[in-house]
file data_12.txt (compact mmCIF, C-alpha atoms and all ligand atoms)
# COMPACT_ATOMS: atom_id res chain seq x y z
CA MET A 1 0.00 0.00 0.00
CA PRO A 2 1.42 3.42 -0.83
CA GLN A 3 2.07 5.37 2.31
CA LYS A 4 -0.64 7.91 2.94
CA LYS A 5 0.68 11.45 2.98
CA LYS A 6 0.26 13.10 6.33
CA PRO A 7 -2.54 15.62 5.97
CA GLU A 8 -0.47 18.60 7.13
CA GLU A 9 2.02 18.09 4.32
CA ILE A 10 -0.14 19.65 1.62
CA PRO A 11 1.80 22.62 0.22
CA ALA A 12 -0.57 25.53 -0.31
CA PHE A 13 1.29 26.87 -3.34
CA ALA A 14 3.53 25.09 -5.82
CA TYR A 15 5.14 25.54 -9.24
CA ARG A 16 3.42 23.74 -12.11
CA ARG A 17 4.45 24.11 -15.72
CA GLY A 18 6.73 26.94 -14.70
CA SER A 19 4.16 29.02 -12.80
CA LEU A 20 3.13 29.29 -9.18
CA TYR A 21 -0.31 27.84 -8.49
CA ALA A 22 -2.85 27.72 -5.68
CA GLY A 23 -4.46 24.37 -6.42
CA PRO A 24 -5.59 24.51 -10.05
CA ILE A 25 -5.40 28.32 -10.32
CA ALA A 26 -2.31 30.24 -11.36
CA LEU A 27 -1.45 33.13 -9.04
CA GLU A 28 -0.88 35.32 -12.11
CA THR A 29 -4.52 34.72 -13.09
CA LEU A 30 -5.65 35.87 -9.64
CA ALA A 31 -3.41 38.94 -9.75
CA ARG A 32 -4.90 39.95 -13.13
CA ARG A 33 -8.44 39.35 -11.97
CA PHE A 34 -8.28 40.96 -8.53
CA GLY A 35 -5.29 43.32 -8.80
CA THR A 36 -2.26 43.64 -6.53
CA PRO A 37 -1.28 43.76 -3.75
CA LEU A 38 -3.48 40.75 -3.01
CA TYR A 39 -3.74 38.23 -0.20
CA VAL A 40 -4.50 34.70 -1.42
CA TYR A 41 -5.37 31.83 0.92
CA ARG A 42 -5.65 28.17 0.10
CA TRP A 43 -8.41 26.53 2.12
CA GLU A 44 -7.15 22.97 1.65
CA ALA A 45 -3.91 23.84 3.45
CA ILE A 46 -5.78 25.22 6.46
CA ALA A 47 -8.12 22.23 6.57
CA ALA A 48 -5.14 19.85 6.36
CA ALA A 49 -3.36 21.56 9.26
CA TYR A 50 -6.58 21.49 11.27
CA GLY A 51 -6.88 17.79 10.42
CA ALA A 52 -3.32 17.20 11.61
CA TYR A 53 -4.19 18.69 15.02
CA GLU A 54 -7.29 16.50 15.20
CA ALA A 55 -5.39 13.39 14.16
CA ALA A 56 -2.64 13.99 16.72
CA LEU A 57 -5.28 14.32 19.47
CA ALA A 58 -7.47 11.33 18.59
CA GLY A 59 -8.61 9.69 21.83
CA GLN A 60 -7.68 12.69 23.99
CA PRO A 61 -10.69 14.89 24.87
CA HIS A 62 -9.91 18.31 23.38
CA LEU A 63 -11.16 21.43 21.69
CA ILE A 64 -9.21 23.40 19.09
CA CYS A 65 -9.84 27.14 19.44
CA ALA A 66 -8.29 28.88 16.42
CA ALA A 67 -6.69 32.21 17.36
CA VAL A 68 -8.82 34.86 15.65
CA LYS A 69 -6.11 37.48 15.99
CA ALA A 70 -3.92 35.59 13.49
CA ASN A 71 -6.50 35.98 10.73
CA GLY A 72 -10.07 37.02 11.42
CA ASN A 73 -11.57 36.98 7.94
CA LEU A 74 -15.23 35.93 8.23
CA ALA A 75 -15.04 33.39 5.40
CA LEU A 76 -12.13 31.61 7.08
CA LEU A 77 -13.79 31.66 10.50
CA GLN A 78 -17.00 30.32 8.98
CA ARG A 79 -15.20 27.41 7.36
CA LEU A 80 -13.20 26.68 10.51
CA ALA A 81 -16.43 26.70 12.52
CA ARG A 82 -17.89 24.15 10.11
CA LEU A 83 -14.91 21.88 10.80
CA GLY A 84 -15.90 22.06 14.46
CA SER A 85 -13.32 24.61 15.53
CA GLY A 86 -13.81 26.88 18.49
CA PHE A 87 -12.06 30.24 18.73
CA ASP A 88 -9.60 32.05 20.94
CA ILE A 89 -10.51 35.73 21.07
CA VAL A 90 -8.69 38.70 22.59
CA SER A 91 -11.35 41.42 22.24
CA GLY A 92 -15.06 42.08 22.05
CA GLY A 93 -14.59 42.84 18.36
CA GLU A 94 -13.25 39.36 17.75
CA LEU A 95 -16.28 37.93 19.55
CA GLN A 96 -18.47 39.82 17.09
CA ARG A 97 -16.47 38.39 14.20
CA VAL A 98 -16.92 34.84 15.49
CA ARG A 99 -20.66 35.35 15.91
CA ARG A 100 -21.07 36.89 12.45
CA ALA A 101 -19.21 33.91 11.02
CA GLY A 102 -21.64 31.51 12.70
CA GLY A 103 -19.11 30.30 15.27
CA ASP A 104 -20.45 28.67 18.44
CA PRO A 105 -19.97 31.02 21.43
CA GLY A 106 -19.96 27.91 23.60
CA LYS A 107 -16.59 27.10 22.03
CA VAL A 108 -15.03 30.51 22.61
CA VAL A 109 -12.12 31.18 24.96
CA PHE A 110 -11.48 34.83 25.86
CA SER A 111 -7.80 35.66 26.43
CA GLY A 112 -5.95 38.93 27.02
CA VAL A 113 -4.73 41.10 29.88
CA GLY A 114 -7.07 44.05 29.37
CA LYS A 115 -10.68 42.90 29.10
CA THR A 116 -13.12 45.74 29.74
CA ALA A 117 -16.46 45.50 31.57
CA ALA A 118 -18.31 45.97 28.28
CA GLU A 119 -16.36 43.12 26.68
CA MET A 120 -17.07 40.87 29.66
CA ASP A 121 -20.78 41.72 29.48
CA ALA A 122 -20.91 40.82 25.80
CA ALA A 123 -19.07 37.56 26.37
CA LEU A 124 -21.30 36.65 29.33
CA ALA A 125 -24.42 37.38 27.28
CA ALA A 126 -23.07 35.23 24.45
CA GLY A 127 -22.37 32.38 26.88
CA ILE A 128 -18.73 31.78 26.02
CA LEU A 129 -16.93 28.68 27.20
CA LEU A 130 -14.16 30.23 29.27
CA PHE A 131 -12.56 33.50 30.36
CA ASN A 132 -8.81 33.15 30.70
CA VAL A 133 -8.19 35.54 33.60
CA GLU A 134 -4.80 37.17 33.96
CA SER A 135 -5.01 39.27 37.14
CA GLU A 136 -6.78 39.58 40.47
CA GLY A 137 -8.44 42.82 39.38
CA GLU A 138 -9.80 41.13 36.31
CA LEU A 139 -11.26 38.28 38.37
CA GLU A 140 -12.96 40.76 40.71
CA LEU A 141 -14.47 42.64 37.79
CA LEU A 142 -15.61 39.41 36.16
CA ALA A 143 -17.27 38.34 39.43
CA ALA A 144 -19.10 41.67 39.61
CA ARG A 145 -20.26 41.61 35.98
CA ALA A 146 -21.38 37.98 36.25
CA ALA A 147 -23.35 38.77 39.42
CA ALA A 148 -24.95 41.81 37.80
CA ALA A 149 -25.97 39.76 34.76
CA ARG A 150 -26.91 36.77 36.94
CA ARG A 151 -24.89 34.59 34.61
CA ARG A 152 -22.28 32.04 35.55
CA ALA A 153 -18.80 32.91 34.38
CA ARG A 154 -16.53 29.93 33.79
CA PHE A 155 -12.98 31.03 34.14
CA GLY A 156 -9.49 29.66 33.88
CA LEU A 157 -6.35 31.27 35.19
CA ARG A 158 -3.54 32.02 32.81
CA VAL A 159 -0.36 31.14 34.59
CA ASN A 160 2.99 32.57 33.63
CA PRO A 161 5.23 29.50 33.80
CA ASN A 162 8.43 31.59 33.63
CA ILE A 163 9.70 29.56 30.69
CA ALA A 164 12.00 31.07 28.11
CA ALA A 165 11.20 30.02 24.56
CA ALA A 166 13.60 30.99 21.81
CA THR A 167 11.69 33.44 19.67
CA HIS A 168 11.63 37.16 18.87
CA PRO A 169 11.36 39.25 22.08
CA HIS A 170 8.16 40.93 20.81
CA ILE A 171 6.36 37.59 20.61
CA SER A 172 7.75 35.93 23.72
CA THR A 173 5.20 35.95 26.55
CA GLY A 174 6.04 33.28 29.10
CA LEU A 175 8.63 35.00 31.27
CA ARG A 176 7.91 36.54 34.63
CA ARG A 177 8.91 39.99 33.38
CA HIS A 178 6.21 39.90 30.69
CA LYS A 179 2.79 41.38 31.29
CA PHE A 180 1.03 38.06 30.69
CA GLY A 181 -0.39 35.56 33.13
CA LEU A 182 -0.23 35.16 36.90
CA GLU A 183 2.70 34.03 38.98
CA THR A 184 2.28 30.59 40.50
CA ALA A 185 1.58 31.67 44.08
CA ALA A 186 -0.87 34.35 42.93
CA ALA A 187 -2.69 31.86 40.75
CA VAL A 188 -3.15 29.37 43.58
CA ALA A 189 -4.34 32.11 45.95
CA LEU A 190 -6.75 33.45 43.37
CA TYR A 191 -8.19 30.03 42.66
CA ARG A 192 -8.94 29.72 46.39
CA ARG A 193 -10.48 33.18 46.52
CA ALA A 194 -12.74 32.47 43.57
CA ALA A 195 -14.74 29.99 45.65
CA GLY A 196 -16.12 33.01 47.53
CA PHE A 197 -17.78 34.49 44.43
CA SER A 198 -21.11 32.84 43.74
CA TRP A 199 -21.30 33.50 40.01
CA LEU A 200 -17.80 32.32 39.23
CA GLU A 201 -16.90 28.78 38.29
CA ALA A 202 -13.22 27.82 38.38
CA ALA A 203 -12.92 25.58 35.35
CA GLY A 204 -9.53 25.90 33.73
CA ILE A 205 -5.87 26.65 33.81
CA SER A 206 -3.85 27.92 30.87
CA PHE A 207 -0.50 29.01 29.55
CA HIS A 208 0.73 30.56 26.32
CA ILE A 209 4.48 31.06 26.27
CA GLY A 210 4.96 32.90 23.00
CA SER A 211 4.79 32.49 19.27
CA GLN A 212 6.93 31.06 16.45
CA ILE A 213 8.47 28.50 18.80
CA LEU A 214 10.42 25.87 16.87
CA ASP A 215 11.56 23.67 19.75
CA PRO A 216 8.87 21.47 21.35
CA GLU A 217 10.80 21.27 24.63
CA PRO A 218 9.61 24.53 26.28
CA PHE A 219 5.98 23.45 25.79
CA GLY A 220 6.68 20.29 27.78
CA ALA A 221 8.50 22.27 30.48
CA ALA A 222 5.59 24.72 30.74
CA LEU A 223 3.12 21.86 30.96
CA ASP A 224 5.13 20.25 33.76
CA ARG A 225 5.04 23.49 35.74
CA ILE A 226 1.30 23.84 35.19
CA LEU A 227 0.67 20.27 36.35
CA LYS A 228 2.60 21.01 39.55
CA ILE A 229 0.40 24.04 40.13
CA VAL A 230 -2.74 22.00 39.51
CA ASP A 231 -1.72 19.75 42.41
CA LYS A 232 -1.88 22.77 44.70
CA LEU A 233 -5.36 23.86 43.63
CA PRO A 234 -8.39 23.22 45.84
CA ALA A 235 -10.15 21.44 42.94
CA ARG A 236 -8.97 19.96 39.69
CA PRO A 237 -10.00 22.11 36.72
CA ARG A 238 -11.60 20.41 33.73
CA TRP A 239 -9.95 22.49 31.00
CA LEU A 240 -6.22 22.58 30.48
CA ASP A 241 -5.33 25.20 27.90
CA ILE A 242 -1.88 24.93 26.31
CA GLY A 243 -2.26 28.07 24.18
CA GLY A 244 -0.76 28.39 20.72
CA GLY A 245 2.76 29.23 19.70
CA LEU A 246 3.93 26.42 17.44
CA GLY A 247 6.26 27.87 14.81
CA ILE A 248 6.62 27.30 11.09
CA ALA A 249 9.63 27.12 8.77
CA TYR A 250 9.75 30.63 7.27
CA ARG A 251 13.28 30.21 5.87
CA GLU A 252 14.61 27.92 3.22
CA GLY A 253 16.07 24.93 5.03
CA GLU A 254 14.58 25.85 8.41
CA ARG A 255 12.97 22.96 10.26
CA ALA A 256 9.77 23.19 12.26
CA PRO A 257 8.39 20.34 14.32
CA SER A 258 5.38 18.64 12.81
CA ILE A 259 2.08 19.11 14.61
CA ALA A 260 2.31 15.49 15.77
CA ALA A 261 5.90 15.92 17.03
CA TYR A 262 4.75 18.93 19.05
CA LEU A 263 1.63 17.28 20.49
CA THR A 264 2.70 13.70 21.10
CA PRO A 265 5.00 14.42 24.09
CA LEU A 266 2.33 16.68 25.61
CA ARG A 267 -0.31 14.00 25.15
CA ARG A 268 1.91 11.47 26.84
CA ARG A 269 2.30 13.68 29.88
CA LEU A 270 -1.48 14.11 30.05
CA ALA A 271 -2.53 10.51 29.47
CA GLY A 272 -5.15 9.48 31.96
CA ALA A 273 -5.02 12.85 33.77
CA GLY A 274 -8.65 13.52 32.94
CA PHE A 275 -8.29 17.00 31.47
CA THR A 276 -10.01 18.28 28.39
CA LEU A 277 -7.25 19.88 26.39
CA LEU A 278 -7.73 23.31 24.85
CA LEU A 279 -5.44 24.49 22.06
CA GLU A 280 -5.21 27.95 20.54
CA PRO A 281 -3.25 27.59 17.31
CA GLY A 282 -2.88 30.64 15.09
CA ARG A 283 0.27 30.81 13.01
CA ARG A 284 0.71 27.07 12.46
CA LEU A 285 -2.85 26.73 11.24
CA LEU A 286 -2.97 29.77 8.99
CA ALA A 287 0.39 31.24 8.01
CA PRO A 288 1.55 28.67 5.42
CA ALA A 289 -1.85 28.83 3.71
CA GLY A 290 -1.48 32.46 2.62
CA VAL A 291 0.63 34.56 0.27
CA LEU A 292 0.81 38.25 -0.42
CA LEU A 293 1.04 38.88 -4.17
CA THR A 294 2.82 41.99 -5.30
CA ARG A 295 4.04 43.32 -8.62
CA ALA A 296 7.51 44.69 -9.27
CA LEU A 297 7.40 48.37 -10.23
CA TYR A 298 11.00 49.48 -10.65
CA ARG A 299 14.59 48.46 -10.18
CA LYS A 300 17.25 50.89 -9.12
CA ARG A 301 20.75 51.08 -7.69
CA ASN A 302 21.68 53.39 -4.85
CA GLY A 303 25.03 53.51 -3.12
CA GLY A 304 26.01 50.17 -4.58
CA ARG A 305 22.81 48.51 -3.40
CA GLU A 306 20.26 47.02 -5.69
CA PHE A 307 16.60 47.82 -4.95
CA LEU A 308 13.51 46.11 -6.26
CA ILE A 309 10.51 48.35 -5.65
CA VAL A 310 7.17 46.53 -5.46
CA ASP A 311 3.56 47.69 -5.17
CA ALA A 312 2.97 46.25 -1.68
CA GLY A 313 4.25 48.17 1.32
CA HIS A 314 4.98 47.45 4.95
CA ASN A 315 1.51 48.75 5.68
CA ASP A 316 0.22 45.60 3.91
CA LEU A 317 2.59 43.15 5.65
CA ILE A 318 4.51 44.54 8.58
CA ARG A 319 6.16 41.38 9.92
CA PRO A 320 9.60 41.92 8.31
CA VAL A 321 9.85 45.34 9.96
CA LEU A 322 8.10 44.63 13.25
CA TYR A 323 9.69 41.27 14.06
CA ASP A 324 12.75 41.12 11.79
CA ALA A 325 10.77 38.35 10.15
CA TYR A 326 12.02 36.48 7.15
CA HIS A 327 9.49 35.66 4.42
CA ARG A 328 10.47 33.65 1.36
CA ILE A 329 9.76 35.50 -1.87
CA LEU A 330 9.10 33.55 -5.06
CA PRO A 331 8.60 34.87 -8.59
CA ALA A 332 5.20 33.70 -9.87
CA ARG A 333 6.95 32.59 -13.05
CA ARG A 334 9.64 30.08 -12.20
CA PRO A 335 13.10 31.47 -13.03
CA LYS A 336 14.94 29.76 -15.88
CA PRO A 337 17.42 27.16 -14.72
CA GLY A 338 20.80 28.79 -14.38
CA ALA A 339 19.37 32.31 -13.85
CA ARG A 340 21.97 34.12 -11.73
CA ALA A 341 20.61 35.16 -8.33
CA ARG A 342 21.84 38.49 -7.02
CA PRO A 343 21.29 40.20 -3.67
CA VAL A 344 18.53 42.82 -3.74
CA ASP A 345 16.50 44.78 -1.22
CA VAL A 346 12.82 44.20 -1.88
CA VAL A 347 11.11 47.41 -0.79
CA GLY A 348 7.68 49.04 -0.98
CA PRO A 349 6.47 52.49 -2.00
CA VAL A 350 5.85 53.80 1.54
CA CYS A 351 7.91 56.80 2.60
CA GLU A 352 9.86 55.02 5.33
CA THR A 353 13.27 53.40 5.21
CA ALA A 354 11.69 50.60 7.24
CA ASP A 355 9.40 49.77 4.33
CA PHE A 356 11.03 46.54 3.20
CA PHE A 357 10.21 42.87 2.75
CA ALA A 358 13.74 41.55 2.40
CA ARG A 359 17.30 42.86 2.52
CA ASP A 360 20.23 41.45 0.60
CA ARG A 361 17.96 38.69 -0.64
CA ARG A 362 19.41 36.57 -3.43
CA LEU A 363 16.75 36.67 -6.12
CA PRO A 364 16.89 35.82 -9.80
CA PRO A 365 16.48 38.87 -12.05
CA VAL A 366 12.95 40.29 -11.65
CA ALA A 367 11.74 42.73 -14.31
CA PRO A 368 9.21 45.49 -13.67
CA GLY A 369 5.71 44.07 -14.15
CA GLU A 370 6.64 40.64 -12.85
CA LEU A 371 4.58 39.11 -10.07
CA LEU A 372 6.11 37.99 -6.76
CA ALA A 373 4.60 35.89 -3.99
CA ILE A 374 5.61 36.66 -0.42
CA LEU A 375 5.06 33.34 1.35
CA ASP A 376 3.65 32.39 4.75
CA ALA A 377 1.50 35.51 4.96
CA GLY A 378 -1.71 33.76 6.07
CA ALA A 379 -1.25 34.70 9.75
CA TYR A 380 -0.40 38.12 11.20
CA GLY A 381 -0.56 39.49 7.67
CA TYR A 382 -3.81 41.18 6.76
CA VAL A 383 -4.80 41.63 10.42
CA LEU A 384 -1.82 43.92 10.98
CA ALA A 385 -2.32 45.92 7.78
CA SER A 386 -2.87 49.65 8.03
CA ASN A 387 -3.78 52.60 5.84
CA TYR A 388 -0.49 54.42 6.34
CA ASN A 389 0.27 56.76 3.42
CA ALA A 390 -3.48 56.69 2.57
CA ARG A 391 -3.03 53.26 1.06
CA PRO A 392 -6.23 51.23 0.76
CA ARG A 393 -5.76 47.74 2.22
CA PRO A 394 -5.51 44.80 -0.21
CA ALA A 395 -8.28 42.42 -1.22
CA GLU A 396 -8.36 38.86 0.09
CA VAL A 397 -9.13 35.84 -2.07
CA LEU A 398 -9.83 32.28 -0.96
CA VAL A 399 -9.04 29.36 -3.23
CA ALA A 400 -11.17 26.38 -2.17
CA GLY A 401 -12.32 23.35 -4.09
CA GLY A 402 -10.66 24.67 -7.24
CA ARG A 403 -12.54 27.99 -7.15
CA ALA A 404 -11.28 31.43 -6.28
CA ARG A 405 -13.60 33.70 -4.35
CA LEU A 406 -13.21 37.26 -3.18
CA ILE A 407 -13.60 37.15 0.62
CA ARG A 408 -12.78 40.81 1.18
CA ARG A 409 -12.83 43.44 -1.50
CA ARG A 410 -10.02 45.92 -1.88
CA GLU A 411 -10.57 49.12 0.10
CA THR A 412 -11.29 52.30 -1.79
CA ILE A 413 -10.20 55.80 -0.93
CA ASP A 414 -13.85 56.48 -0.06
CA ASP A 415 -13.66 53.70 2.54
CA LEU A 416 -10.69 55.46 4.07
CA LEU A 417 -12.29 58.91 4.14
CA ARG A 418 -15.76 57.83 5.25
CA LEU A 419 -15.24 58.42 8.96
CA GLU A 420 -13.71 61.88 8.68
CA ARG A 421 -15.48 65.20 9.02
CA GLN A 422 -14.27 68.57 7.81
CA VAL A 423 -14.95 71.46 10.15
CA ARG A 424 -15.45 74.96 8.98
CA SER A 425 -12.95 77.45 10.35
CA ALA A 426 -14.50 80.12 12.59
C1 LIG B 1 -1.59 35.02 19.92
C2 LIG B 1 -2.14 33.98 20.81
C3 LIG B 1 -2.34 32.69 20.34
C4 LIG B 1 -1.92 32.23 18.96
O1 LIG B 1 -0.54 32.14 18.89
P1 LIG B 1 0.20 31.49 17.61
O2 LIG B 1 1.63 31.66 17.91
O3 LIG B 1 -0.25 32.23 16.42
O4 LIG B 1 -0.21 30.05 17.56
C5 LIG B 1 -2.91 31.77 21.21
N1 LIG B 1 -3.28 32.12 22.46
C6 LIG B 1 -3.10 33.36 22.95
C7 LIG B 1 -3.51 33.67 24.33
C8 LIG B 1 -2.52 34.33 22.14
O5 LIG B 1 -2.32 35.56 22.63
call {"tool": "encode", "arguments": {"input": "data_12.txt", "output": "structure tokens"}}
result
Amino acid sequence: MPQKKKPEEIPAFAYRRGSLYAGPIALETLARRFGTPLYVYRWEAIAAAYGAYEAALAGQPHLICAAVKANGNLALLQRLARLGSGFDIVSGGELQRVRRAGGDPGKVVFSGVGKTAAEMDAALAAGILLFNVESEGELELLAARAAAARRRARFGLRVNPNIAAATHPHISTGLRRHKFGLETAAAVALYRRAAGFSWLEAAGISFHIGSQILDPEPFGAALDRILKIVDKLPARPRWLDIGGGLGIAYREGERAPSIAAYLTPLRRRLAGAGFTLLLEPGRRLLAPAGVLLTRALYRKRNGGREFLIVDAGHNDLIRPVLYDAYHRILPARRPKPGARARPVDVVGPVCETADFFARDRRLPPVAPGELLAILDAGAYGYVLASNYNARPRPAEVLVAGGRARLIRRRETIDDLLRLERQVRSA
């Protein structure tokens, strides 16, 4: 029997007959039809990654709560909800997104250090699964809002396991000096205190140690710390939330653990422990399934450096600037064999020196008008886009079942100006 390919190994985009394709559709076709810059997602890649999480957890009670902040497009949330996914939200706005997309509020986990009373009220009214509480003040406010609404609030405590995970400092969250989570002693004390609030139900414990983590070890270390804390709690919580954070291979030759390699050791530690596992994957689920398409505008040399100026800017994809992130860049038309690669800076039109996608990147010659795909842009891409320089944000297209559909139209200048009012001078 031929070995079945693991479901997560479906590449979202691949060269066929010399051109880059999303399933049966050439990216050049999409760029012509919808314009550039353009985000393109491949549904089958998301579904396969979701399937890999499910497969790795077979037999272990669990709920996958996709992190809305990684990519909140309604069409994607709707399809994830249909697969049975729950959602990890970090704001009242994200709760609205989940509800619009037909997501089940009973599968929603609310994370974040700064929940407001209004956000708590909305989440209580919706009947979400769990509030992940990160401070004593937050627990007190939740108790008050739940009492006022006469609704039970299930909560879990987010513990800061003080575990260092090798990642960019801006996306590391699990150290004591970070703003996230509760220290161990505080968490235990708070769990005890919660028994005194009649509308609160202590139901979970959680950690999330950062993002783009490529070594499975810190997850295991964090879980061990959490399990030690659980032993000190007055009652055993049902939900054990291990957050998100699994990284992907952004660079050529970089290795990321498979979803199974990440989950199997955690599962082993939890075997027979009786928890229902919660997971909050964002990047691993969504990033590899998306590209940002951009067209080359000009080439120029300055001070001995070679610049390739493209029509997308760092307002469309800010990760290279914000996190020193590396994104592979592929020409939509496969370079001829033997084409000499030369180092170039791939930059956008925005008036900022920080407006770049790559520096000293060895690329084959790219002529003005050629299309480029910036890979792994399906998470923390569109959601971080802005209108800086009065640039309308790109459109988003979903390729699913061999069809391409517009899931967000390109913004217009009217969209940008709609909220502004001119005032007459006195
Ligand atoms: C951002 C975030 C996630 C998702 O993280 P990824 O690294 O994208 O998997 C999950 N849980 C919480 C609490 C988060 O803040």
call {"tool": "residues_around", "arguments": {"input": "data_12.txt", "residues": "Pro218 (chain A)", "least_positions_apart": "2", "cutoff": "12 Å", "atoms": "all atoms listed in the file", "output": "ChimeraX atom specification"}}
result
/A:161-167,172,174-175,207-211,213-216,220-225,242,245-246,262,265-266
call {"tool": "residues_near_ligand", "arguments": {"input": "data_12.txt", "ligand": "ligand LIG 1 (chain B)", "cutoff": "7 Å", "atoms": "only C-alpha atoms and all ligand atoms", "output": "PyMOL selection string"}}
result
chain A and resi 67+69-70+88+111-112+208+210-212+243-247+280-284
call {"tool": "residues_around", "arguments": {"input": "data_12.txt", "residues": "region 42-44 of chain A", "least_positions_apart": "4", "cutoff": "7 Å", "atoms": "only C-alpha atoms", "output": "NGL selection string"}}
result
:A and (12 or 22 or 48 or 289-290 or 398-400)
call {"tool": "closest_residue", "arguments": {"input": "data_12.txt", "among": "A:Val90, A:Leu263, A:Leu200, A:Ala373", "to": "Glu28 (chain A)", "atoms": "all atoms listed in the file"}}
result
A:Ala373
call {"tool": "closest_residue", "arguments": {"input": "data_12.txt", "among": "A:Pro337, A:Pro343, A:Pro169, A:Gly303", "to": "Arg362 (chain A)", "atoms": "only C-alpha atoms"}}
result
A:Pro343
call {"tool": "atom_distance", "arguments": {"input": "data_12.txt", "atom1": "CA of Thr173 (chain A)", "atom2": "CA of Pro257 (chain A)"}}
result
20.1 Å
call {"tool": "residues_around", "arguments": {"input": "data_12.txt", "residues": "region 407-421 of chain A", "least_positions_apart": "6", "cutoff": "6 Å", "atoms": "all atoms listed in the file", "output": "list in words"}}
result
Pro392, Arg393, Pro394, Ala395, Glu396 and Val397 of chain A
call {"tool": "residues_around", "arguments": {"input": "data_12.txt", "residues": "region 187-199 of chain A", "least_positions_apart": "4", "cutoff": "12 Å", "atoms": "all atoms listed in the file", "output": "number ranges by chain"}}
result
A: 124, 132-161, 181-183, 203-207, 226, 228-237
call {"tool": "atom_distance", "arguments": {"input": "data_12.txt", "atom1": "CA of Ala377 (chain A)", "atom2": "CA of His168 (chain A)"}}
result
17.3 Å
call {"tool": "atom_distance", "arguments": {"input": "data_12.txt", "atom1": "CA of Leu240 (chain A)", "atom2": "CA of Phe219 (chain A)"}}
result
13.1 Å
call {"tool": "residues_near_point", "arguments": {"input": "data_12.txt", "point": "(-10.7, 25.9, -8.4)", "cutoff": "6 Å", "atoms": "only C-alpha atoms", "output": "list in words"}}
result
Pro24, Gly401, Gly402, Arg403 and Ala404 of chain A
call {"tool": "closest_residue", "arguments": {"input": "data_12.txt", "among": "A:Glu94, A:Glu370, A:Glu119, A:Glu254", "to": "Tyr326 (chain A)", "atoms": "all atoms listed in the file"}}
result
A:Glu254
call {"tool": "closest_residue", "arguments": {"input": "data_12.txt", "among": "A:Ala186, A:Leu227, A:Leu76, A:Ala81", "to": "Ala45 (chain A)", "atoms": "all atoms listed in the file"}}
result
A:Leu76
call {"tool": "closest_residue", "arguments": {"input": "data_12.txt", "among": "A:Ala332, A:Arg305, A:Pro368, A:Gly378", "to": "Asp345 (chain A)", "atoms": "all atoms listed in the file"}}
result
A:Arg305
call {"tool": "closest_residue", "arguments": {"input": "data_12.txt", "among": "A:Phe13, A:Trp239, A:Tyr21, A:Tyr39", "to": "Leu293 (chain A)", "atoms": "all atoms listed in the file"}}
result
A:Tyr39
call {"tool": "residues_around", "arguments": {"input": "data_12.txt", "residues": "Ala75 (chain A)", "least_positions_apart": "3", "cutoff": "8 Å", "atoms": "only C-alpha atoms", "output": "number ranges by chain"}}
result
A: 78-79, 101, 407
call {"tool": "write_last_selection", "arguments": {"input": "data_12.txt", "atoms": "C-alpha atoms", "output": "PDB file, in the coordinates of the input"}}
result
ATOM      1  CA  GLN A  78     -17.000  30.320   8.980  1.00  0.00           C
ATOM      2  CA  ARG A  79     -15.200  27.410   7.360  1.00  0.00           C
ATOM      3  CA  ALA A 101     -19.210  33.910  11.020  1.00  0.00           C
ATOM      4  CA  ILE A 407     -13.600  37.150   0.620  1.00  0.00           C
TER       5      ILE A 407
END
